[in-house]
Number of protein chains: 2
Amino acid sequence: MKAAGVVVEYNPFHNGHLHHLEESKKMTEADVMIAVMSGNFLQRGEPALVSKWARTKMALKAGVDIVIELPYAFAAQQADQFAFGAISLLDAMNCSSYCFGSESGNPEAFERTLQYVSSSEKELNHNIKSFMKQGMSYPSALSHAYTELGLTEADYIDLTKPNNILGFHYMKAEVRIGSNMKAYTIPRKNADYHDEDFTSATIASATSIRKAIFSPAFKESVITQYIPPSSARELASYKEEFGRFHQWEDYWPLLQYKLLSMPVGYLREIYEVEEGIEYRLKECAIGSTSFKGFMERVKTKRYTWTRIQRMCIHILTNAAKKEMKEKSEAPEYIRLLGMSSNGRRYLNEVKKDLKLPIISKLSSADKDMIHLDVNASNIYAMGLQEPFRGKLMKLEFASPPKIV
Amino acid sequence: MKAAGVVVEYNPFHNGHLHHLEESKKMTEADVMIAVMSGNFLQRGEPALVSKWARTKMALKAGVDIVIELPYAFAAQQADQFAFGAISLLDAMNCSSYCFGSESGNPEAFERTLQYVSSSEKELNHNIKSFMKQGMSYPSALSHAYTELGLTEADYIDLTKPNNILGFHYMKAEVRIGSNMKAYTIPRKNADYHDEDFTSATIASATSIRKAIFSPAFKESVITQYIPPSSARELASYKEEFGRFHQWEDYWPLLQYKLLSMPVGYLREIYEVEEGIEYRLKECAIGSTSFKGFMERVKTKRYTWTRIQRMCIHILTNAAKKEMKEKSEAPEYIRLLGMSSNGRRYLNEVKKDLKLPIISKLSSADKDMIHLDVNASNIYAMGLQEPFRGKLMKLEFASPPKIV
């Protein structure tokens, strides 16, 4: 059987994801679709709307055959580490190809950009550094550095677009690990990643869907046209089962408590806490009454919102520099979250050839190895009230992979 | 002017406290009554029902002239450290006497016990150790050790009674610091410290009053006969102003979060966390849905409820062994919480003779010196919801001493 991979967060699964999934399957001519999905905390430094178990069910019901978890050490990371973890895992699952959505949609442009950038890496890095010294954030320094190299959209991809950046890093990771997977890309339909308003009849960005879900005037009918019925049912039953959807504000008291009670020397040991920002974080924690208010006080020109959010996620989960560096060197395991009967057939076929051990039950896993993921799940559950909190915590240990 | 001291928690101030205060004033013939009062966390390892500011107002309205704070490094401690801090501060305030309530009520019996125990200290400690090796908790080993020494209630005080123990340690501390203060004791009226039910027409234990306050069927009329009207008003206005009374359950999510997210090696650095109990605490944090449920799982024969509660307070406030040991060597400052005009006259009179600096505004205090107290106040405020949390946090910095 021939497998193709997709890298996803499904927060939540919507029609744009469905389109990407179906097109990917056609384009790659795969028998099996494998999704490597961020766990409970996401790349932009946010808790997922619903747990990885619920998002796994959405994926399986929409046609994904196997869902594996992108470990915390790669999920809550900058694009390069995120991509490296995801592509390594798809490669370890013996995928023969993978397919990503991008603003460009042009695989040759990706190839050209990759080659050009590889050959000019030193110059590029030099330019990025000098722009950052002028006070730019990393993304805008990167974008300026590319312009400096003379990359134009006609021949090259626009590396200021979020999905182009990710795709570029997938392909870079492929080279890094020496994978034989073939890369495909599909142009994203309609909604831009960050779009907060609904722009088309059936496709809307996950951001706008989440915004609608959390709006005080929310009605289910507003989102049903943008997400498959099975996703809508899953969302509704999650709220029924766990009392609410997850959002940063529910973790704010914990983050505030952590920042208030921990000495700066300890905060400095946390991943991504650099350059003395720990003092600023502690100061701003006093007197802030919400996560949003806190973020607005902390934010500076130098630090993007996303970077600070990710830093906050690491403080929240207590992810230390040392452990994050060790665990992000390379994925050590494949955490199986769910599969279809088709996915199970594939797994049986390839099981003995896989390059990494599969973890399907937590009880038989090496606790140190998977510590960051288990810890992240426990902390994620802390965003709920009892009795939901305890119930969700148990799921991490009790859940066998979802089978749909 | 002649000053007498009392050591108090006033959680909340009730008629028993009023009786003790008035009798103390008569007995010591003092012009000024000074209370050294635990801050927001108490000796038994609990958050105070209402903040130290509200309890200060209760004390002043009931006739106390000066309220100073027993620093965190002494307040959330075993009897000996608690007593040492309190007596040192009363001595530093130039008190000529102090007066404590006790089950015994007999000052000569205290003297005899103190002398006897001092001369047999080695033997006593040996006995305590050997009883603890047999698996007894410290309090019951202590009680058995006294019996072993042949101390009988006729001549000596019963050192299994909580207020006798405290009184004994006050007098021991007096010897330790070489104080010239004269000790008085008054027999406690009616209610035993731990009594949970109302036993007399006007006197009830603070424990039973708190129990009534937190009972679902609470009516204000149930407690008004046991506390002065000014205390009742203060309680009612606290609830109005801050939304609730403080109790351990409100801090449980924070404690659970702390235990889940912190590595055992870090927990081990916290004061009173000994003998590998950090593993047990972490294990029990998963799956417990309330502080009470957690405590019931953690408790063993070896650890009393109070000892574990205090340990939990230290984990909650992140009070490290190193800092607690340094700060509990001797009080370094007198934190003035409030005074009457009479108290102010006394302070003006003795100000230049005081053995320790007076802190009346936090802004002018040495931040490192008073760190544990400020930190404890911030964490205490975390038991409230916004906007009350931010409001209470500000009080710590903005409050000048209460003047009544």
# chains A, B, ... in the order shown; residues from 1 in each chain; ligands from 1
$ residues_around --residues "Ser51 (chain B)" --least-positions-apart "2" --cutoff "6 Å" --atoms "only C-alpha atoms" --output "list of chain:residue names"
B:Asn40, B:Trp53, B:Ala54
$ interface_residues --of "chain A" --to "chain B" --cutoff "9 Å" --atoms "only C-alpha atoms" --output "ChimeraX atom specification"
/A:253-254,256-258,260-263,286-290,316-319,375-376,378-379,382,385-387,389-391,393-394
$ residues_around --residues "Lys2 (chain A)" --least-positions-apart "2" --cutoff "8 Å" --atoms "only C-alpha atoms" --output "JSON, numbers by chain"
{"A": [4, 29, 30, 31, 32, 95, 96]}
$ write_last_selection --atoms "N, CA and C atoms" --output "short mmCIF file (atom, residue, chain, number, x, y, z; two decimals), in the first residue's frame"
data_model
loop_
_atom_site.label_atom_id
_atom_site.label_comp_id
_atom_site.auth_asym_id
_atom_site.auth_seq_id
_atom_site.Cartn_x
_atom_site.Cartn_y
_atom_site.Cartn_z
N ALA A 4 0.55 8.55 1.81
CA ALA A 4 0.92 9.95 1.68
C ALA A 4 0.65 10.66 3.00
N GLU A 29 -2.05 9.94 -5.37
CA GLU A 29 -2.53 8.60 -5.71
C GLU A 29 -2.24 7.60 -4.59
N ALA A 30 -2.41 8.06 -3.35
CA ALA A 30 -2.11 7.21 -2.20
C ALA A 30 -3.29 6.31 -1.84
N ASP A 31 -2.97 5.14 -1.26
CA ASP A 31 -4.01 4.25 -0.72
C ASP A 31 -4.36 4.63 0.71
N VAL A 32 -3.41 5.29 1.35
CA VAL A 32 -3.54 5.57 2.78
C VAL A 32 -3.11 7.01 3.05
N CYS A 95 5.96 6.94 4.42
CA CYS A 95 5.17 7.62 3.40
C CYS A 95 6.02 7.75 2.13
N SER A 96 5.38 7.63 0.98
CA SER A 96 6.15 7.84 -0.24
C SER A 96 6.02 9.28 -0.72
#
$ residues_around --residues "Pro401 (chain B)" --least-positions-apart "4" --cutoff "10 Å" --atoms "only C-alpha atoms" --output "ChimeraX atom specification"
/B:53,56-57,66-68,335-339,359-361
$ residues_around --residues "Ile370 (chain B)" --least-positions-apart "6" --cutoff "9 Å" --atoms "only C-alpha atoms" --output "list in words"
Pro71, Glu332, Tyr333 and Leu362 of chain B
$ select_by_dssp --residues "region 86-186 of chain A" --states "strand (DSSP E or B)" --output "list in words"
Ser97, Tyr98, Cys99, Phe100, Gly101, Ser102, Lys182, Ala183, Tyr184, Thr185 and Ile186 of chain A
$ write_last_selection --atoms "all heavy atoms" --output "JSON list (two decimals), in the first residue's frame"
[["chain", "number", "residue", "atom", "x", "y", "z"],
["A", 97, "SER", "N", 5.07, 10.00, -0.15],
["A", 97, "SER", "CA", 4.94, 11.41, -0.51],
["A", 97, "SER", "C", 4.26, 12.18, 0.60],
["A", 97, "SER", "O", 3.73, 11.58, 1.54],
["A", 97, "SER", "CB", 4.13, 11.57, -1.81],
["A", 97, "SER", "OG", 2.83, 11.06, -1.59],
["A", 98, "TYR", "N", 4.27, 13.50, 0.49],
["A", 98, "TYR", "CA", 3.47, 14.31, 1.40],
["A", 98, "TYR", "C", 2.99, 15.51, 0.62],
["A", 98, "TYR", "O", 3.54, 15.86, -0.44],
["A", 98, "TYR", "CB", 4.27, 14.74, 2.64],
["A", 98, "TYR", "CG", 5.44, 15.64, 2.36],
["A", 98, "TYR", "CD1", 5.34, 17.01, 2.49],
["A", 98, "TYR", "CD2", 6.68, 15.11, 1.96],
["A", 98, "TYR", "CE1", 6.43, 17.85, 2.23],
["A", 98, "TYR", "CE2", 7.76, 15.93, 1.70],
["A", 98, "TYR", "CZ", 7.64, 17.29, 1.83],
["A", 98, "TYR", "OH", 8.71, 18.09, 1.56],
["A", 99, "CYS", "N", 1.95, 16.14, 1.12],
["A", 99, "CYS", "CA", 1.33, 17.22, 0.38],
["A", 99, "CYS", "C", 0.93, 18.33, 1.34],
["A", 99, "CYS", "O", 0.28, 18.08, 2.35],
["A", 99, "CYS", "CB", 0.11, 16.67, -0.36],
["A", 99, "CYS", "SG", -0.65, 17.90, -1.42],
["A", 100, "PHE", "N", 1.33, 19.54, 1.02],
["A", 100, "PHE", "CA", 0.97, 20.65, 1.89],
["A", 100, "PHE", "C", 0.24, 21.74, 1.11],
["A", 100, "PHE", "O", 0.42, 21.89, -0.09],
["A", 100, "PHE", "CB", 2.23, 21.24, 2.56],
["A", 100, "PHE", "CG", 3.30, 21.69, 1.61],
["A", 100, "PHE", "CD1", 3.32, 23.00, 1.12],
["A", 100, "PHE", "CD2", 4.30, 20.82, 1.21],
["A", 100, "PHE", "CE1", 4.32, 23.43, 0.25],
["A", 100, "PHE", "CE2", 5.31, 21.24, 0.32],
["A", 100, "PHE", "CZ", 5.32, 22.53, -0.16],
["A", 101, "GLY", "N", -0.57, 22.48, 1.83],
["A", 101, "GLY", "CA", -1.21, 23.64, 1.23],
["A", 101, "GLY", "C", -0.26, 24.82, 1.29],
["A", 101, "GLY", "O", 0.52, 24.94, 2.22],
["A", 102, "SER", "N", -0.32, 25.69, 0.28],
["A", 102, "SER", "CA", 0.55, 26.87, 0.32],
["A", 102, "SER", "C", -0.13, 28.00, -0.43],
["A", 102, "SER", "O", -1.02, 27.77, -1.25],
["A", 102, "SER", "CB", 1.91, 26.55, -0.31],
["A", 102, "SER", "OG", 1.75, 26.28, -1.69],
["A", 182, "LYS", "N", 8.28, 12.32, -1.95],
["A", 182, "LYS", "CA", 8.04, 13.34, -2.98],
["A", 182, "LYS", "C", 7.10, 14.41, -2.39],
["A", 182, "LYS", "O", 6.13, 14.08, -1.71],
["A", 182, "LYS", "CB", 7.38, 12.68, -4.20],
["A", 182, "LYS", "CG", 7.15, 13.63, -5.36],
["A", 182, "LYS", "CD", 6.78, 12.85, -6.63],
["A", 182, "LYS", "CE", 6.14, 13.75, -7.69],
["A", 182, "LYS", "NZ", 6.88, 14.97, -8.01],
["A", 183, "ALA", "N", 7.45, 15.68, -2.62],
["A", 183, "ALA", "CA", 6.64, 16.77, -2.07],
["A", 183, "ALA", "C", 5.61, 17.26, -3.09],
["A", 183, "ALA", "O", 5.93, 17.45, -4.26],
["A", 183, "ALA", "CB", 7.53, 17.92, -1.66],
["A", 184, "TYR", "N", 4.37, 17.41, -2.65],
["A", 184, "TYR", "CA", 3.33, 18.03, -3.47],
["A", 184, "TYR", "C", 2.81, 19.27, -2.75],
["A", 184, "TYR", "O", 2.84, 19.33, -1.51],
["A", 184, "TYR", "CB", 2.15, 17.07, -3.66],
["A", 184, "TYR", "CG", 2.46, 15.85, -4.49],
["A", 184, "TYR", "CD1", 2.97, 14.70, -3.90],
["A", 184, "TYR", "CD2", 2.20, 15.84, -5.87],
["A", 184, "TYR", "CE1", 3.25, 13.57, -4.65],
["A", 184, "TYR", "CE2", 2.47, 14.70, -6.63],
["A", 184, "TYR", "CZ", 2.99, 13.58, -6.02],
["A", 184, "TYR", "OH", 3.24, 12.47, -6.77],
["A", 185, "THR", "N", 2.34, 20.22, -3.53],
["A", 185, "THR", "CA", 1.68, 21.33, -2.85],
["A", 185, "THR", "C", 0.40, 21.72, -3.58],
["A", 185, "THR", "O", 0.28, 21.55, -4.80],
["A", 185, "THR", "CB", 2.60, 22.56, -2.69],
["A", 185, "THR", "OG1", 1.91, 23.54, -1.92],
["A", 185, "THR", "CG2", 3.00, 23.17, -4.03],
["A", 186, "ILE", "N", -0.56, 22.15, -2.82],
["A", 186, "ILE", "CA", -1.87, 22.53, -3.35],
["A", 186, "ILE", "C", -2.12, 23.98, -2.97],
["A", 186, "ILE", "O", -1.87, 24.36, -1.83],
["A", 186, "ILE", "CB", -2.97, 21.64, -2.71],
["A", 186, "ILE", "CG1", -2.78, 20.18, -3.16],
["A", 186, "ILE", "CG2", -4.36, 22.14, -3.05],
["A", 186, "ILE", "CD1", -3.73, 19.23, -2.47]]
$ residues_around --residues "region 125-127 of chain A" --least-positions-apart "5" --cutoff "8 Å" --atoms "only C-alpha atoms" --output "VMD selection string"
chain A and resid 141 145 148
$ decode --residues "region 374-391 of chain B" --atoms "N, CA, C and O atoms" --output "PDB file, in the first residue's frame"
ATOM      1  N   VAL B 374       5.685  39.459  50.633  1.00  0.00           N
ATOM      2  CA  VAL B 374       5.029  40.035  49.456  1.00  0.00           C
ATOM      3  C   VAL B 374       4.556  38.918  48.533  1.00  0.00           C
ATOM      4  O   VAL B 374       3.421  38.915  48.046  1.00  0.00           O
ATOM      5  N   ASN B 375       5.424  37.951  48.343  1.00  0.00           N
ATOM      6  CA  ASN B 375       5.081  36.798  47.514  1.00  0.00           C
ATOM      7  C   ASN B 375       3.851  36.079  48.071  1.00  0.00           C
ATOM      8  O   ASN B 375       2.918  35.743  47.343  1.00  0.00           O
ATOM      9  N   ALA B 376       3.836  35.858  49.387  1.00  0.00           N
ATOM     10  CA  ALA B 376       2.697  35.174  50.013  1.00  0.00           C
ATOM     11  C   ALA B 376       1.415  35.963  49.777  1.00  0.00           C
ATOM     12  O   ALA B 376       0.358  35.376  49.516  1.00  0.00           O
ATOM     13  N   SER B 377       1.491  37.283  49.818  1.00  0.00           N
ATOM     14  CA  SER B 377       0.294  38.093  49.583  1.00  0.00           C
ATOM     15  C   SER B 377      -0.189  37.980  48.142  1.00  0.00           C
ATOM     16  O   SER B 377      -1.392  37.908  47.890  1.00  0.00           O
ATOM     17  N   ASN B 378       0.751  37.971  47.209  1.00  0.00           N
ATOM     18  CA  ASN B 378       0.362  37.794  45.801  1.00  0.00           C
ATOM     19  C   ASN B 378      -0.320  36.453  45.588  1.00  0.00           C
ATOM     20  O   ASN B 378      -1.352  36.368  44.929  1.00  0.00           O
ATOM     21  N   ILE B 379       0.264  35.407  46.144  1.00  0.00           N
ATOM     22  CA  ILE B 379      -0.306  34.075  45.954  1.00  0.00           C
ATOM     23  C   ILE B 379      -1.655  33.976  46.667  1.00  0.00           C
ATOM     24  O   ILE B 379      -2.592  33.357  46.158  1.00  0.00           O
ATOM     25  N   TYR B 380      -1.754  34.595  47.819  1.00  0.00           N
ATOM     26  CA  TYR B 380      -3.021  34.602  48.552  1.00  0.00           C
ATOM     27  C   TYR B 380      -4.136  35.217  47.696  1.00  0.00           C
ATOM     28  O   TYR B 380      -5.254  34.693  47.643  1.00  0.00           O
ATOM     29  N   ALA B 381      -3.797  36.291  47.001  1.00  0.00           N
ATOM     30  CA  ALA B 381      -4.786  36.954  46.138  1.00  0.00           C
ATOM     31  C   ALA B 381      -5.231  36.057  44.985  1.00  0.00           C
ATOM     32  O   ALA B 381      -6.334  36.204  44.451  1.00  0.00           O
ATOM     33  N   MET B 382      -4.364  35.108  44.592  1.00  0.00           N
ATOM     34  CA  MET B 382      -4.699  34.196  43.490  1.00  0.00           C
ATOM     35  C   MET B 382      -5.883  33.290  43.823  1.00  0.00           C
ATOM     36  O   MET B 382      -6.416  32.629  42.936  1.00  0.00           O
ATOM     37  N   GLY B 383      -6.289  33.243  45.088  1.00  0.00           N
ATOM     38  CA  GLY B 383      -7.475  32.455  45.464  1.00  0.00           C
ATOM     39  C   GLY B 383      -8.773  33.143  45.086  1.00  0.00           C
ATOM     40  O   GLY B 383      -9.847  32.552  45.202  1.00  0.00           O
ATOM     41  N   LEU B 384      -8.686  34.384  44.643  1.00  0.00           N
ATOM     42  CA  LEU B 384      -9.883  35.128  44.239  1.00  0.00           C
ATOM     43  C   LEU B 384     -10.008  35.147  42.718  1.00  0.00           C
ATOM     44  O   LEU B 384      -9.056  34.903  42.004  1.00  0.00           O
ATOM     45  N   GLN B 385     -11.208  35.485  42.256  1.00  0.00           N
ATOM     46  CA  GLN B 385     -11.440  35.709  40.833  1.00  0.00           C
ATOM     47  C   GLN B 385     -11.166  37.181  40.539  1.00  0.00           C
ATOM     48  O   GLN B 385     -11.219  38.022  41.424  1.00  0.00           O
ATOM     49  N   GLU B 386     -10.908  37.480  39.241  1.00  0.00           N
ATOM     50  CA  GLU B 386     -10.864  38.878  38.844  1.00  0.00           C
ATOM     51  C   GLU B 386     -12.277  39.454  38.872  1.00  0.00           C
ATOM     52  O   GLU B 386     -13.218  38.719  38.629  1.00  0.00           O
ATOM     53  N   PRO B 387     -12.483  40.744  39.169  1.00  0.00           N
ATOM     54  CA  PRO B 387     -11.463  41.770  39.376  1.00  0.00           C
ATOM     55  C   PRO B 387     -10.913  41.827  40.804  1.00  0.00           C
ATOM     56  O   PRO B 387     -10.098  42.670  41.114  1.00  0.00           O
ATOM     57  N   PHE B 388     -11.391  40.904  41.667  1.00  0.00           N
ATOM     58  CA  PHE B 388     -11.019  40.958  43.084  1.00  0.00           C
ATOM     59  C   PHE B 388      -9.536  40.645  43.288  1.00  0.00           C
ATOM     60  O   PHE B 388      -8.880  41.182  44.173  1.00  0.00           O
ATOM     61  N   ARG B 389      -9.036  39.729  42.455  1.00  0.00           N
ATOM     62  CA  ARG B 389      -7.644  39.292  42.606  1.00  0.00           C
ATOM     63  C   ARG B 389      -6.674  40.464  42.473  1.00  0.00           C
ATOM     64  O   ARG B 389      -5.819  40.678  43.331  1.00  0.00           O
ATOM     65  N   GLY B 390      -6.839  41.216  41.387  1.00  0.00           N
ATOM     66  CA  GLY B 390      -5.957  42.351  41.129  1.00  0.00           C
ATOM     67  C   GLY B 390      -6.077  43.415  42.223  1.00  0.00           C
ATOM     68  O   GLY B 390      -5.086  44.014  42.634  1.00  0.00           O
ATOM     69  N   LYS B 391      -7.315  43.576  42.687  1.00  0.00           N
ATOM     70  CA  LYS B 391      -7.592  44.569  43.727  1.00  0.00           C
ATOM     71  C   LYS B 391      -6.859  44.211  45.022  1.00  0.00           C
ATOM     72  O   LYS B 391      -6.231  45.058  45.658  1.00  0.00           O
TER      73      LYS B 391
END
